[in-house]
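Participant: I have a structure I would like to understand better, so I am pasting it below and will then ask my questions one at a time.
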Amino acid sequence: MSLLFFDNETLPSGPIIDPLSLKPPGNLKKPETIAEWFKNEAVDIAAEKYRATALDSMRGELLCIGYVLNDDELVKVIYADTEYETLCQFQEAVLDAMGQWKEPLQFVGWGIATFDVPWLWRAAIKYGLVGLRNAFNRDRYRGNAIDLMGIWGVDYKDWRKLDDVAKFLGLEGKTEGMSGDKVYDYFLAGRVDEIIEYCRQDVTVIREVYRKIYG
């Protein structure tokens, strides 16, 4: 079995949401109260709704993909001019890995069953990247995605963060100060290099956690 550890970083996309297009809460009845809501709250709500498109594979935009195969030393991050080019390069890497090892390829990540894999699979269909589409076996029971977050499981009520699990296991974890919800802010500030390094670090930590669990 060949293992490809990977992680995606995504951005919001599409038209900015107009605060005036939002519907005020139903408990607001007076015109002046509604006007106050639009003035003080609607702008922030619209901004959050737009940012949330980064989690929607049919609305957001893929920024980069980090990956490493098996025990390879170098974690690579694909960051191209367009989403299509990024996916084409990832398809090439995946098909090369499948041909090189001539054995089933397992995709390993954190939260990939409900986010990364569906995102890439849908995008591959959108752009006609048949090789990448077919690389994912999305069968519920015999699929080829190893989702470490699902394997680690829920603690009381919540899914645990990768960084928290890594540190619990005695690993270094990720650099303080950066997290997935800050990717868009870093992008707007032109700090793409830091996003790429964050993605690279995610993949490194994912592989270390995998080795702790299965080593």
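Naming works like this for the structure tokens: A, B, ... for the chains as they're shown, residue 1 at the start of each chain, ligands 1 onward in shown order.
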List every residue of region 16-200 of chain A that DSSP, applied to the backbone, labels as helix (DSSP H, G or I), and write the result as an MDAnalysis selection string.
Facilitator: chainID A and resid 19:21 31:55 83:101 116:126 130:135 148:152 162:168 180:188 192:200
Participant: Give me the residues within 12 Å of Gly99 (chain A) as a count of residues only, counting only C-alpha atoms and dropping any in the same chain fewer than 5 places off.
Facilitator: 8
Participant: Write out as JSON, numbers by chain each polymer residue whose atoms come within 8 Å of Tyr186 (chain A), counting only C-alpha atoms; drop sequence neighbours fewer than 6 positions from it.
Facilitator: {"A": [192, 194, 195]}
Participant: Quick check for you: according to DSSP on this backbone, which residues of region 14-199 of chain A are classed as strand (DSSP E)? Reply as a list in words.
Facilitator: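 The strand (DSSP E) subset of region 14-199 of chain A is Glu61, Leu62, Leu63, Cys64, Ile65, Gly66, Tyr67, Val68, Leu69, Lys76, Val77, Ile78, Leu105, Gln106, Phe107, Val108, Gly109, Ala145, Ile146, Asp147, Val154, Asp155, Asp158 and Trp159 of chain A.
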Participant: Mind checking which residues fall within 9 Å of Ala47 (chain A), counting only C-alpha atoms, ignoring those fewer than 2 positions away in the same chain, and posting them as a PyMOL selection string?
Facilitator: chain A and resi 16-19+42-45+49-52
Participant: Only C-alpha atoms, please: the residues just picked out, written as a JSON list (two decimals), in the first residue's frame.
Facilitator:
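Result went into part_19.json, see below:
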```
[["chain", "number", "residue", "atom", "x", "y", "z"],
["A", 16, "ILE", "CA", -18.81, 39.80, -2.46],
["A", 17, "ILE", "CA", -22.06, 39.52, -0.52],
["A", 18, "ASP", "CA", -23.95, 42.80, -0.32],
["A", 19, "PRO", "CA", -24.99, 43.48, 3.31],
["A", 42, "ALA", "CA", -25.07, 43.28, 8.54],
["A", 43, "VAL", "CA", -21.60, 44.16, 7.23],
["A", 44, "ASP", "CA", -19.87, 41.66, 9.52],
["A", 45, "ILE", "CA", -22.43, 38.95, 8.81],
["A", 49, "LYS", "CA", -20.89, 34.49, 4.82],
["A", 50, "TYR", "CA", -18.45, 35.32, 2.05],
["A", 51, "ARG", "CA", -15.52, 33.85, 3.96],
["A", 52, "ALA", "CA", -17.55, 30.67, 4.50]]
```
Participant: When you look at Glu61 (chain A) with a cut-off of 7 Å (counting only C-alpha atoms), what residues show up, excluding the ones that are within fewer than 5 positions of it in the same chain? I need them as a short mmCIF file (atom, residue, chain, number, x, y, z; two decimals) with C-alpha atoms, in the first residue's frame.
Facilitator:
```
data_model
loop_
_atom_site.label_atom_id
_atom_site.label_comp_id
_atom_site.auth_asym_id
_atom_site.auth_seq_id
_atom_site.Cartn_x
_atom_site.Cartn_y
_atom_site.Cartn_z
CA THR A 10 -8.79 27.19 -0.05
CA LEU A 11 -10.09 30.73 -0.43
CA PRO A 12 -13.52 32.32 -0.66
CA SER A 13 -14.57 33.14 -4.18
CA ALA A 54 -13.89 28.89 1.27
CA GLU A 83 -6.95 26.48 -9.73
#
```
Participant: Quick one: distance from CA of Leu188 (chain A) to CA of Lys174 (chain A) in Å, one decimal?
Facilitator: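 We find that CA of Leu188 (chain A) and CA of Lys174 (chain A) lie 21.7 Å from each other.
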Participant: Counting only C-alpha atoms, what is within 6 Å of region 65-74 of chain A, bar same-chain residues fewer than 2 positions away, as a PyMOL selection string?
Facilitator: chain A and resi 3-8+76-78+199-200
Participant: List every residue of region 155-201 of chain A that has an atom at most 10 Å from any atom of region 110-123 of chain A, giving for each one its closest atom pair and the distance in Å to one decimal, counting only C-alpha atoms, sorted by chain and then by ascending residue number, as a Markdown table.
Facilitator:
```
| residue | atom | partner | partner_atom | distance |
| --- | --- | --- | --- | --- |
| A:Trp159 | CA | A:Gly111 | CA | 9.4 |
| A:Lys161 | CA | A:Trp110 | CA | 8.7 |
| A:Leu162 | CA | A:Trp110 | CA | 6.9 |
```
Participant: How many Å separate CA of Phe136 (chain A) from CA of Tyr184 (chain A)?
Facilitator: 27.4 Å
Participant: Nearest residue to Arg211 (chain A) out of A:Val154, A:Arg142, A:Asp163, A:Leu148, using only C-alpha atoms?
Facilitator: A:Leu148
Participant: Of the candidates A:Phe187, A:Phe107, A:Tyr214, A:Tyr198, which shows the shortest atom-to-atom distance to Trp152 (chain A), using only C-alpha atoms?
Facilitator: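 Selected residue with least distance to Trp152 (chain A): A:Tyr214.
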Participant: Using CA of Arg160 (chain A) and CA of Glu48 (chain A) as the two end points, give the distance in Å to one decimal.
Facilitator: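 One can read the CA of Arg160 (chain A) to CA of Glu48 (chain A) distance as 22.8 Å.
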